[in-house]
Each structure stands twice: as structure tokens, then as C-alpha cells.
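Here is start_20.cif, consisting of mmCIF, C-alpha atoms:
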data_structure
#
loop_
_atom_site.group_PDB
_atom_site.id
_atom_site.type_symbol
_atom_site.label_atom_id
_atom_site.label_comp_id
_atom_site.auth_asym_id
_atom_site.auth_seq_id
_atom_site.Cartn_x
_atom_site.Cartn_y
_atom_site.Cartn_z
ATOM 1 C CA MET A 1 19.460 -121.983 81.149
ATOM 2 C CA LEU A 2 20.908 -125.446 81.391
ATOM 3 C CA THR A 3 22.044 -126.843 78.041
ATOM 4 C CA ILE A 4 22.713 -130.523 77.457
ATOM 5 C CA PHE A 5 25.650 -131.398 75.181
ATOM 6 C CA LYS A 6 25.834 -134.887 73.746
ATOM 7 C CA ALA A 7 28.410 -137.225 72.243
ATOM 8 C CA ARG A 8 28.834 -140.890 71.372
ATOM 9 C CA SER A 9 32.016 -142.955 71.124
ATOM 10 C CA ARG A 10 32.196 -146.352 69.464
ATOM 11 C CA LYS A 11 35.104 -148.744 69.296
ATOM 12 C CA THR A 12 35.657 -149.634 65.663
ATOM 13 C CA GLU A 13 36.810 -153.025 64.383
ATOM 14 C CA THR A 14 40.395 -151.722 64.097
ATOM 15 C CA GLY A 15 42.641 -152.221 67.129
ATOM 16 C CA LEU A 16 42.200 -149.404 69.643
ATOM 17 C CA GLN A 17 40.564 -147.032 67.167
ATOM 18 C CA VAL A 18 37.468 -145.168 68.372
ATOM 19 C CA GLU A 19 35.008 -143.121 66.341
ATOM 20 C CA SER A 20 33.243 -140.357 68.226
ATOM 21 C CA GLU A 21 30.407 -138.198 67.045
ATOM 22 C CA SER A 22 28.706 -135.079 68.326
ATOM 23 C CA ARG A 23 25.991 -133.130 66.472
ATOM 24 C CA GLY A 24 27.002 -134.931 63.273
ATOM 25 C CA PHE A 25 30.700 -134.037 63.538
ATOM 26 C CA LYS A 26 32.988 -137.055 63.610
ATOM 27 C CA LEU A 27 36.325 -137.499 65.320
ATOM 28 C CA ILE A 28 38.664 -140.490 65.126
ATOM 29 C CA MET A 29 40.954 -141.197 68.079
ATOM 30 C CA ASP A 30 43.562 -143.892 68.344
ATOM 31 C CA GLU A 31 46.883 -144.640 70.009
ATOM 32 C CA PRO A 32 50.371 -144.725 68.477
ATOM 33 C CA ARG A 33 51.675 -148.143 67.388
ATOM 34 C CA ALA A 34 54.042 -148.183 70.385
ATOM 35 C CA LEU A 35 50.964 -148.218 72.646
ATOM 36 C CA GLY A 36 49.163 -150.907 70.665
ATOM 37 C CA GLY A 37 47.134 -148.696 68.331
ATOM 38 C CA THR A 38 47.132 -148.078 64.594
ATOM 39 C CA ASP A 39 48.027 -144.381 64.884
ATOM 40 C CA SER A 40 45.018 -143.159 62.894
ATOM 41 C CA GLY A 41 44.303 -140.162 65.109
ATOM 42 C CA MET A 42 45.304 -138.232 68.196
ATOM 43 C CA ASN A 43 44.698 -139.954 71.524
ATOM 44 C CA PRO A 44 42.110 -138.842 74.115
ATOM 45 C CA ILE A 45 44.646 -137.006 76.294
ATOM 46 C CA GLU A 46 45.820 -135.035 73.255
ATOM 47 C CA ALA A 47 42.164 -134.365 72.343
ATOM 48 C CA LEU A 48 41.585 -133.095 75.885
ATOM 49 C CA LEU A 49 44.474 -130.629 75.459
ATOM 50 C CA CYS A 50 42.987 -129.558 72.091
ATOM 51 C CA ALA A 51 39.595 -129.043 73.742
ATOM 52 C CA LEU A 52 41.204 -126.777 76.350
ATOM 53 C CA GLY A 53 43.215 -124.817 73.782
ATOM 54 C CA SER A 54 40.214 -124.469 71.474
ATOM 55 C CA CYS A 55 37.985 -123.336 74.311
ATOM 56 C CA GLN A 56 40.501 -120.666 75.317
ATOM 57 C CA SER A 57 40.778 -119.584 71.661
ATOM 58 C CA ILE A 58 37.006 -119.316 71.257
ATOM 59 C CA VAL A 59 36.761 -117.248 74.454
ATOM 60 C CA VAL A 60 39.500 -114.957 73.075
ATOM 61 C CA ALA A 61 37.583 -114.519 69.814
ATOM 62 C CA ALA A 62 34.138 -114.174 71.385
ATOM 63 C CA PHE A 63 34.991 -111.771 74.225
ATOM 64 C CA ALA A 64 37.867 -109.572 72.975
ATOM 65 C CA LYS A 65 35.615 -106.757 71.760
ATOM 66 C CA ALA A 66 33.570 -106.573 74.965
ATOM 67 C CA GLN A 67 36.837 -106.557 76.939
ATOM 68 C CA ASN A 68 38.288 -103.752 74.774
ATOM 69 C CA PHE A 69 41.162 -105.964 73.700
ATOM 70 C CA LYS A 70 42.405 -105.703 70.112
ATOM 71 C CA TYR A 71 44.493 -108.459 68.550
ATOM 72 C CA GLU A 72 45.285 -109.787 65.112
ATOM 73 C CA GLU A 73 46.222 -113.400 65.811
ATOM 74 C CA PHE A 74 46.045 -115.817 68.705
ATOM 75 C CA HIS A 75 47.365 -119.284 69.353
ATOM 76 C CA VAL A 76 48.148 -121.341 72.426
ATOM 77 C CA GLU A 77 50.659 -124.138 72.933
ATOM 78 C CA LEU A 78 49.768 -126.739 75.545
ATOM 79 C CA GLU A 79 51.424 -129.677 77.184
ATOM 80 C CA GLY A 80 50.325 -132.155 79.818
ATOM 81 C CA ASP A 81 52.224 -134.616 82.016
ATOM 82 C CA LEU A 82 50.925 -138.144 82.398
ATOM 83 C CA ASP A 83 52.687 -141.215 83.719
ATOM 84 C CA PRO A 84 51.357 -144.314 81.877
ATOM 85 C CA ASP A 85 52.677 -146.476 84.732
ATOM 86 C CA GLY A 86 49.620 -145.210 86.632
ATOM 87 C CA PHE A 87 46.846 -146.538 84.364
ATOM 88 C CA LEU A 88 48.953 -149.591 83.464
ATOM 89 C CA GLY A 89 48.938 -150.516 87.161
ATOM 90 C CA ARG A 90 52.745 -150.597 87.303
ATOM 91 C CA ALA A 91 53.141 -147.868 89.907
ATOM 92 C CA ASP A 92 51.019 -146.111 92.492
ATOM 93 C CA VAL A 93 50.952 -142.812 90.620
ATOM 94 C CA LYS A 94 48.055 -140.711 89.407
ATOM 95 C CA LYS A 95 46.201 -142.252 86.434
ATOM 96 C CA GLY A 96 45.250 -138.920 84.880
ATOM 97 C CA LEU A 97 47.150 -135.819 83.882
ATOM 98 C CA GLN A 98 49.262 -134.430 86.698
ATOM 99 C CA GLU A 99 49.826 -130.988 85.273
ATOM 100 C CA ILE A 100 48.808 -128.980 82.220
ATOM 101 C CA ARG A 101 50.953 -126.046 81.101
ATOM 102 C CA PHE A 102 50.250 -123.589 78.320
ATOM 103 C CA THR A 103 51.678 -120.499 76.690
ATOM 104 C CA MET A 104 49.380 -118.000 75.006
ATOM 105 C CA HIS A 105 50.578 -116.046 71.976
ATOM 106 C CA PHE A 106 48.955 -112.810 70.867
ATOM 107 C CA LYS A 107 49.845 -110.758 67.820
ATOM 108 C CA THR A 108 48.717 -107.399 69.124
ATOM 109 C CA GLU A 109 49.591 -103.762 69.767
ATOM 110 C CA GLU A 110 48.282 -104.030 73.347
ATOM 111 C CA SER A 111 50.704 -103.744 76.277
ATOM 112 C CA GLN A 112 52.096 -106.825 78.010
ATOM 113 C CA GLU A 113 50.029 -105.905 81.076
ATOM 114 C CA SER A 114 46.841 -105.670 79.008
ATOM 115 C CA CYS A 115 47.601 -109.070 77.411
ATOM 116 C CA GLU A 116 48.037 -110.667 80.808
ATOM 117 C CA ARG A 117 44.857 -109.095 82.159
ATOM 118 C CA PHE A 118 42.922 -110.402 79.153
ATOM 119 C CA ALA A 119 44.559 -113.831 79.568
ATOM 120 C CA ASP A 120 43.338 -113.852 83.193
ATOM 121 C CA PHE A 121 39.824 -113.083 81.961
ATOM 122 C CA VAL A 122 40.016 -115.837 79.332
ATOM 123 C CA GLN A 123 41.117 -118.409 81.897
ATOM 124 C CA SER A 124 38.438 -117.471 84.396
ATOM 125 C CA THR A 125 35.755 -117.625 81.678
ATOM 126 C CA CYS A 126 36.787 -120.732 79.684
ATOM 127 C CA PRO A 127 34.218 -123.528 80.239
ATOM 128 C CA VAL A 128 36.705 -126.359 79.623
ATOM 129 C CA GLU A 129 39.284 -124.906 82.040
ATOM 130 C CA ASN A 130 36.532 -124.402 84.624
ATOM 131 C CA THR A 131 35.412 -128.013 84.124
ATOM 132 C CA LEU A 132 38.960 -129.312 84.658
ATOM 133 C CA LEU A 133 39.514 -127.188 87.769
ATOM 134 C CA SER A 134 36.221 -127.944 89.484
ATOM 135 C CA ASP A 135 34.509 -131.010 90.815
ATOM 136 C CA VAL A 136 32.438 -132.164 87.894
ATOM 137 C CA LYS A 137 30.102 -134.999 88.805
ATOM 138 C CA ILE A 138 30.518 -138.051 86.576
ATOM 139 C CA LEU A 139 27.625 -140.486 86.738
ATOM 140 C CA ARG A 140 27.303 -143.833 85.034
ATOM 141 C CA THR A 141 23.620 -144.024 84.223
ATOM 142 C CA ALA A 142 23.643 -147.656 83.171
ATOM 143 C CA VAL A 143 25.588 -150.531 81.671
ATOM 144 C CA VAL A 144 23.453 -152.012 78.915
ATOM 145 C CA LYS A 145 23.853 -155.406 77.275
ATOM 146 C CA ASP A 146 22.857 -154.920 73.638
ATOM 147 C CA MET B 1 57.874 -142.709 83.422
ATOM 148 C CA LEU B 2 56.399 -139.256 82.908
ATOM 149 C CA THR B 3 55.285 -138.635 79.332
ATOM 150 C CA ILE B 4 54.603 -135.178 77.949
ATOM 151 C CA PHE B 5 51.671 -134.836 75.554
ATOM 152 C CA LYS B 6 51.485 -131.735 73.370
ATOM 153 C CA ALA B 7 48.898 -129.790 71.401
ATOM 154 C CA ARG B 8 48.464 -126.415 69.737
ATOM 155 C CA SER B 9 45.293 -124.445 69.052
ATOM 156 C CA ARG B 10 45.104 -121.494 66.676
ATOM 157 C CA LYS B 11 42.196 -119.193 65.991
ATOM 158 C CA THR B 12 41.641 -119.136 62.242
ATOM 159 C CA GLU B 13 40.495 -116.109 60.239
ATOM 160 C CA THR B 14 36.903 -117.443 60.261
ATOM 161 C CA GLY B 15 34.655 -116.295 63.108
ATOM 162 C CA LEU B 16 35.097 -118.478 66.192
ATOM 163 C CA GLN B 17 36.731 -121.352 64.285
ATOM 164 C CA VAL B 18 39.836 -122.878 65.882
ATOM 165 C CA GLU B 19 42.290 -125.340 64.341
ATOM 166 C CA SER B 20 44.052 -127.621 66.803
ATOM 167 C CA GLU B 21 46.896 -129.985 66.121
ATOM 168 C CA SER B 22 48.601 -132.759 68.059
ATOM 169 C CA ARG B 23 51.292 -135.061 66.657
ATOM 170 C CA GLY B 24 50.303 -134.034 63.142
ATOM 171 C CA PHE B 25 46.592 -134.823 63.617
ATOM 172 C CA LYS B 26 44.307 -131.859 63.033
ATOM 173 C CA LEU B 27 40.969 -131.060 64.601
ATOM 174 C CA ILE B 28 38.626 -128.187 63.750
ATOM 175 C CA MET B 29 36.344 -126.845 66.473
ATOM 176 C CA ASP B 30 33.731 -124.149 66.136
ATOM 177 C CA GLU B 31 30.411 -123.043 67.594
ATOM 178 C CA PRO B 32 26.921 -123.293 66.075
ATOM 179 C CA ARG B 33 25.629 -120.192 64.278
ATOM 180 C CA ALA B 34 23.263 -119.503 67.191
ATOM 181 C CA LEU B 35 26.347 -118.981 69.383
ATOM 182 C CA GLY B 36 28.163 -116.785 66.851
ATOM 183 C CA GLY B 37 30.176 -119.462 65.057
ATOM 184 C CA THR B 38 30.165 -120.886 61.549
ATOM 185 C CA ASP B 39 29.275 -124.430 62.654
ATOM 186 C CA SER B 40 32.282 -126.071 60.973
ATOM 187 C CA GLY B 41 33.006 -128.507 63.811
ATOM 188 C CA MET B 42 31.988 -129.709 67.246
ATOM 189 C CA ASN B 43 32.594 -127.300 70.105
ATOM 190 C CA PRO B 44 35.188 -127.810 72.883
ATOM 191 C CA ILE B 45 32.667 -129.124 75.423
ATOM 192 C CA GLU B 46 31.485 -131.700 72.892
ATOM 193 C CA ALA B 47 35.131 -132.571 72.151
ATOM 194 C CA LEU B 48 35.720 -133.024 75.884
ATOM 195 C CA LEU B 49 32.832 -135.520 76.012
ATOM 196 C CA CYS B 50 34.312 -137.303 72.961
ATOM 197 C CA ALA B 51 37.712 -137.445 74.679
ATOM 198 C CA LEU B 52 36.114 -139.071 77.724
ATOM 199 C CA GLY B 53 34.097 -141.553 75.654
ATOM 200 C CA SER B 54 37.100 -142.402 73.483
ATOM 201 C CA CYS B 55 39.324 -142.884 76.496
ATOM 202 C CA GLN B 56 36.809 -145.269 78.072
ATOM 203 C CA SER B 57 36.526 -147.121 74.738
ATOM 204 C CA ILE B 58 40.298 -147.485 74.410
ATOM 205 C CA VAL B 59 40.543 -148.789 77.984
ATOM 206 C CA VAL B 60 37.812 -151.334 77.150
ATOM 207 C CA ALA B 61 39.719 -152.475 74.049
ATOM 208 C CA ALA B 62 43.160 -152.468 75.661
ATOM 209 C CA PHE B 63 42.321 -154.177 78.966
ATOM 210 C CA ALA B 64 39.440 -156.589 78.229
ATOM 211 C CA LYS B 65 41.681 -159.599 77.659
ATOM 212 C CA ALA B 66 43.742 -159.093 80.815
ATOM 213 C CA GLN B 67 40.481 -158.666 82.759
ATOM 214 C CA ASN B 68 39.030 -161.885 81.258
ATOM 215 C CA PHE B 69 36.160 -159.948 79.742
ATOM 216 C CA LYS B 70 34.925 -160.983 76.301
ATOM 217 C CA TYR B 71 32.822 -158.659 74.174
ATOM 218 C CA GLU B 72 32.029 -158.104 70.526
ATOM 219 C CA GLU B 73 31.095 -154.440 70.412
ATOM 220 C CA PHE B 74 31.266 -151.446 72.692
ATOM 221 C CA HIS B 75 29.939 -147.928 72.562
ATOM 222 C CA VAL B 76 29.170 -145.242 75.102
ATOM 223 C CA GLU B 77 26.654 -142.393 74.994
ATOM 224 C CA LEU B 78 27.546 -139.287 76.959
ATOM 225 C CA GLU B 79 25.909 -136.050 77.910
ATOM 226 C CA GLY B 80 26.992 -133.057 79.927
ATOM 227 C CA ASP B 81 25.108 -130.174 81.533
ATOM 228 C CA LEU B 82 26.389 -126.648 81.130
ATOM 229 C CA ASP B 83 24.645 -123.361 81.743
ATOM 230 C CA PRO B 84 25.963 -120.747 79.257
ATOM 231 C CA ASP B 85 24.659 -118.005 81.573
ATOM 232 C CA GLY B 86 27.728 -118.822 83.703
ATOM 233 C CA PHE B 87 30.487 -118.024 81.191
ATOM 234 C CA LEU B 88 28.372 -115.254 79.639
ATOM 235 C CA GLY B 89 28.418 -113.534 83.039
ATOM 236 C CA ARG B 90 24.614 -113.435 83.185
ATOM 237 C CA ALA B 91 24.215 -115.513 86.319
ATOM 238 C CA ASP B 92 26.343 -116.657 89.228
ATOM 239 C CA VAL B 93 26.408 -120.280 88.139
ATOM 240 C CA LYS B 94 29.301 -122.600 87.395
ATOM 241 C CA LYS B 95 31.134 -121.765 84.163
ATOM 242 C CA GLY B 96 32.084 -125.353 83.370
ATOM 243 C CA LEU B 97 30.182 -128.612 83.092
ATOM 244 C CA GLN B 98 28.063 -129.334 86.153
ATOM 245 C CA GLU B 99 27.517 -133.006 85.522
ATOM 246 C CA ILE B 100 28.529 -135.625 82.983
ATOM 247 C CA ARG B 101 26.371 -138.750 82.544
ATOM 248 C CA PHE B 102 27.073 -141.738 80.366
ATOM 249 C CA THR B 103 25.632 -145.129 79.461
ATOM 250 C CA MET B 104 27.937 -147.927 78.363
ATOM 251 C CA HIS B 105 26.729 -150.504 75.839
ATOM 252 C CA PHE B 106 28.370 -153.901 75.472
ATOM 253 C CA LYS B 107 27.454 -156.581 72.950
ATOM 254 C CA THR B 108 28.596 -159.566 74.963
ATOM 255 C CA GLU B 109 27.724 -162.959 76.396
ATOM 256 C CA GLU B 110 29.031 -161.916 79.819
ATOM 257 C CA SER B 111 26.619 -161.546 82.752
ATOM 258 C CA GLN B 112 25.235 -158.164 83.773
ATOM 259 C CA GLU B 113 27.301 -158.376 86.954
ATOM 260 C CA SER B 114 30.472 -159.072 84.991
ATOM 261 C CA CYS B 115 29.728 -156.115 82.676
ATOM 262 C CA GLU B 116 29.284 -153.799 85.647
ATOM 263 C CA ARG B 117 32.467 -155.033 87.298
ATOM 264 C CA PHE B 118 34.408 -154.437 84.075
ATOM 265 C CA ALA B 119 32.761 -150.989 83.729
ATOM 266 C CA ASP B 120 33.989 -150.170 87.258
ATOM 267 C CA PHE B 121 37.499 -151.197 86.223
ATOM 268 C CA VAL B 122 37.302 -149.085 83.043
ATOM 269 C CA GLN B 123 36.200 -146.011 84.978
ATOM 270 C CA SER B 124 38.897 -146.379 87.618
ATOM 271 C CA THR B 125 41.564 -146.827 84.933
ATOM 272 C CA CYS B 126 40.534 -144.244 82.307
ATOM 273 C CA PRO B 127 43.103 -141.394 82.215
ATOM 274 C CA VAL B 128 40.614 -138.761 81.007
ATOM 275 C CA GLU B 129 38.034 -139.653 83.692
ATOM 276 C CA ASN B 130 40.807 -139.571 86.312
ATOM 277 C CA THR B 131 41.906 -136.164 85.023
ATOM 278 C CA LEU B 132 38.371 -134.774 85.260
ATOM 279 C CA LEU B 133 37.828 -136.148 88.769
ATOM 280 C CA SER B 134 41.121 -135.054 90.282
ATOM 281 C CA ASP B 135 42.823 -131.759 90.893
ATOM 282 C CA VAL B 136 44.912 -131.287 87.785
ATOM 283 C CA LYS B 137 47.240 -128.308 88.056
ATOM 284 C CA ILE B 138 46.815 -125.825 85.205
ATOM 285 C CA LEU B 139 49.708 -123.419 84.817
ATOM 286 C CA ARG B 140 50.017 -120.525 82.421
ATOM 287 C CA THR B 141 53.701 -120.532 81.577
ATOM 288 C CA ALA B 142 53.680 -117.196 79.744
ATOM 289 C CA VAL B 143 51.736 -114.732 77.652
ATOM 290 C CA VAL B 144 53.876 -113.902 74.632
ATOM 291 C CA LYS B 145 53.453 -110.935 72.293
ATOM 292 C CA ASP B 146 54.453 -112.243 68.853
#

What does the file become when written as C-alpha cells?
Amino acid sequence: MLTIFKARSRKTETGLQVESESRGFKLIMDEPRALGGTDSGMNPIEALLCALGSCQSIVVAAFAKAQNFKYEEFHVELEGDLDPDGFLGRADVKKGLQEIRFTMHFKTEESQESCERFADFVQSTCPVENTLLSDVKILRTAVVKD
Amino acid sequence: MLTIFKARSRKTETGLQVESESRGFKLIMDEPRALGGTDSGMNPIEALLCALGSCQSIVVAAFAKAQNFKYEEFHVELEGDLDPDGFLGRADVKKGLQEIRFTMHFKTEESQESCERFADFVQSTCPVENTLLSDVKILRTAVVKD
């Protein structure tokens, strides 16, 4: 059954700072001073990496039992390549992330092969990874003058 | 010049709760109780929507002057459609977001046409929107047994 998730982002009065909110949970994003911000939070590209890593982690936690995979601890380290010359209009390079890499860490008694099989399952299941890898439609409904 | 952004996500000891970190900034994600979580934070799909809305907001703030666009306030409302039956393996539907919609709100004296032209610029510039719309490579570097 289709579920609709919602969020709202509002530029604050402070430089490039943005306050977002979803289901009552708030999240401040900003840019480092070197990029013109006030460095009061992670930036949206870093938040995107956190969303991917968190989604993978939740899939690990939610599906391990059903997949007969036992583990004690899990974390994932992620990095993404972006060339700011793209969105700054200085060079004809991609404006978004070019590549995302990650390394998954399990504390577990399972074999290496079993870890990799479970990692495959996690990747194929993870909603955020599937969103990034597929053609999600992005529609601007309206531009409203308040 | 290529810049590498980094993040780390770690499943905590509490249910489906995940703590992410980037450049020292922390972010807790979780799922609602109905989905097996402890509802201590927004979920990764909601965080993805916040990343998109924040990225658009930062582009608005950072580029308005150079684009000769004057405004007093900006916010954006976003929603995304996802069918949990996909990642739960209950139906052969897409596991990620199917569609993202958003409405931009400007408090401004600019004309409607000028607002829409600036909105076009924001969308074409926004690194997160460009990441979602393009084929970002996602590579698993390794699965490590700690």
C-alpha cells in the first residue's frame, strides 16, 4: 500500500542555515564557513550519505533474524565524490554526486561468505539505495508566492 | 576539484535506532513503533526528503543575488511515495521512492514568472536533486568482520 512521507525545509534568518522537519523531528543543515555557511550542521550531501547508511543499518536490524544472520554490532562508513565546480558553474562536470562508496562492518561469528550474502540482501532491499539507483520522478507541484 | 564527503552510521543497542555522524554532526534516525522502531527520530526516507529540501533551500540562499532574485523568506514542502510492500517482499513493486513532489514558497515582490525561472535554476543546480536524477555509482568497497 502506497505510503506518503512528508518533510518541510525552511531557510532560517542565518546565512545558509536550513531547518527541516518531518513528523515533528527537526534537523538543522548548513554549510562550512569556507562555503559561506555558519557551520551549524552537516550539509545536505552529508545528510544524504547518512540517510543511505541509516537505511542500510535499519535493514540489517530489521531483517537479520528472518535471513538467519546473527551479529552483535553493525556500522557502515560511507563516502561520496562531488565536484563543486559543477554546481558553481565553473566546469561542465556533474552537479551531483559522481560515486558513493561504503564499507560495511559486522561484529559477528558468521563466515565472510555469509556476511557478503547478507550484505547483498541488505543492498537489494534498502529503500534509500533503491531510490538512488532508480529513476525516481521529481515533480515540482507549484511555486507559490506567499 | 573533486571533494570527498564522509559519513558513518552505526546501529545502536536500541531496536532499529541508528546514529549517524558526519564532520562531528550527529543525527539519530529510527522508525515509528508501528514499523518496529522506538520512534526516536525521522526515518531515512524522511531524511532523504529533508536533504533534498535543504539542498534546494541552500541553493536559493547562495545563488539568489547572482541571479538577481530578491526574496524575504523561502520554504519548501516535500512528499514522497513509497510502497513498503516492495522492501518487505510482499509485492513486486519498486523498493525505493516512486515519486517525489514538492511545492516551493517564496515571500517576495518578484513576479510569478521570475519565481518560476529562479525555481528552474535552483532545481538544475541543486546537488541532491542532480544526484537523485542521475545514475550515481554505488560501490561496496568491502564487508569487514570486526

For this session: Could you state which residues are captured by the PyMOL selection byres ((chain A and resi 25) around 10) in this file, as a PyMOL selection string?
Result: (chain A and resi 7+20-24+26-27) or (chain B and resi 28-29+39-43+46-47)

For this session: Evaluate the PyMOL selection byres ((chain B and resi 2) around 12) on the structure here and hand back the selected residues as number ranges by chain.
Result: A: 80-86, 91, 93-99; B: 1, 3-5

Exercise. How would you write, as a ChimeraX atom specification, the residues chosen by the PyMOL selection byres ((chain B and resi 107) around 7) on this structure?
Worked result: /A:145-146 /B:71-74,105-106,108

Could you turn the residues from that selection into a file that holds C-alpha atoms, as a short mmCIF file (atom, residue, chain, number, x, y, z; two decimals), in the coordinates of the input?
data_model
loop_
_atom_site.label_atom_id
_atom_site.label_comp_id
_atom_site.auth_asym_id
_atom_site.auth_seq_id
_atom_site.Cartn_x
_atom_site.Cartn_y
_atom_site.Cartn_z
CA LYS A 145 23.85 -155.41 77.28
CA ASP A 146 22.86 -154.92 73.64
CA TYR B 71 32.82 -158.66 74.17
CA GLU B 72 32.03 -158.10 70.53
CA GLU B 73 31.10 -154.44 70.41
CA PHE B 74 31.27 -151.45 72.69
CA HIS B 105 26.73 -150.50 75.84
CA PHE B 106 28.37 -153.90 75.47
CA THR B 108 28.60 -159.57 74.96
#

If we count all atoms listed in the file and set the cut-off at 12 Å, which residues sit around Ala66 of chain B, ignoring sequence neighbours fewer than 4 positions away in its own chain? Please answer as a PDB file with C-alpha atoms, keeping the file's coordinate frame.
ATOM      1  CA  LEU A  88      48.953-149.591  83.464  1.00  0.00           C
ATOM      2  CA  GLY A  89      48.938-150.516  87.161  1.00  0.00           C
TER       3      GLY A  89
ATOM      4  CA  VAL B  59      40.543-148.789  77.984  1.00  0.00           C
ATOM      5  CA  VAL B  60      37.812-151.334  77.150  1.00  0.00           C
ATOM      6  CA  ALA B  61      39.719-152.475  74.049  1.00  0.00           C
ATOM      7  CA  ALA B  62      43.160-152.468  75.661  1.00  0.00           C
ATOM      8  CA  LYS B  70      34.925-160.983  76.301  1.00  0.00           C
ATOM      9  CA  PHE B 118      34.408-154.437  84.075  1.00  0.00           C
ATOM     10  CA  PHE B 121      37.499-151.197  86.223  1.00  0.00           C
TER      11      PHE B 121
END

Using all atoms listed in the file, which protein or nucleic acid residues come within 7 Å of segment 10-15 of chain B? Drop anything in the same chain fewer than 5 positions from it, and give the result as a CSV table (one decimal) with C-alpha atoms, in the frame of the given file.
chain,number,residue,atom,x,y,z
A,57,SER,CA,40.8,-119.6,71.7
A,74,PHE,CA,46.0,-115.8,68.7
A,75,HIS,CA,47.4,-119.3,69.4
A,76,VAL,CA,48.1,-121.3,72.4
B,20,SER,CA,44.1,-127.6,66.8
B,37,GLY,CA,30.2,-119.5,65.1
B,38,THR,CA,30.2,-120.9,61.5

Exercise. B:Leu35, B:Ala142, B:Cys55, B:Ile45: which is nearest Glu19 of chain A, counting only C-alpha atoms?
Worked result: B:Cys55

For this session: Rank nothing, just name the residue among B:Ser111, B:Lys6, B:Gln67, B:Asp30 nearest to chain A, using all atoms listed in the file.
Result: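 For chain A, the nearest of the candidates is B:Lys6.
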
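Proximity of B:Met104, B:Val128, B:Cys115, B:Leu48 to Arg140 of chain A, computed with only C-alpha atoms, is greatest for B:Met104.
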
For this session: Can you work out which one of B:Ser124, B:Ser114, B:Asn68, B:Ser9 has the shortest atom-to-atom distance to chain A, counting only C-alpha atoms?
Result: B:Ser9

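The protein and nucleic acid residues lying at most 10 Å from Thr141 of chain A are Ile138, Leu139, Val143 and Val144 of chain A; Glu77, Leu78, Ile100, Arg101, Phe102, Thr103 and Met104 of chain B, with only C-alpha atoms considered and sequence neighbours fewer than 2 positions away removed.
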
I need the residues from that last selection saved to file as a short mmCIF file (atom, residue, chain, number, x, y, z; two decimals), keeping the file's coordinate frame (with C-alpha atoms), if you can.
data_model
loop_
_atom_site.label_atom_id
_atom_site.label_comp_id
_atom_site.auth_asym_id
_atom_site.auth_seq_id
_atom_site.Cartn_x
_atom_site.Cartn_y
_atom_site.Cartn_z
CA ILE A 138 30.52 -138.05 86.58
CA LEU A 139 27.62 -140.49 86.74
CA VAL A 143 25.59 -150.53 81.67
CA VAL A 144 23.45 -152.01 78.92
CA GLU B 77 26.65 -142.39 74.99
CA LEU B 78 27.55 -139.29 76.96
CA ILE B 100 28.53 -135.62 82.98
CA ARG B 101 26.37 -138.75 82.54
CA PHE B 102 27.07 -141.74 80.37
CA THR B 103 25.63 -145.13 79.46
CA MET B 104 27.94 -147.93 78.36
#

Exercise. Which of these, A:Ala51, A:Gln123, A:Glu110, A:Ala64, has the shortest distance to chain B once you count only C-alpha atoms?
Worked result: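 Nearest to chain B: A:Ala51.
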
Exercise. Do you have the atom CA of Arg8 of chain B-atom CA of Glu79 of chain A distance handy?
Worked result: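 Between these atoms lies a distance of 8.7 Å.
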
Exercise. Suppose you want the space between atom CA of Asp135 of chain A and atom CA of Ala119 of chain A; what is it in Å?
Worked result: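 So the two atoms, atom CA of Asp135 of chain A and atom CA of Ala119 of chain A, lie 22.9 Å apart.
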
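Going from atom CA of Glu113 of chain B to atom CA of Ile58 of chain B covers 21.1 Å.
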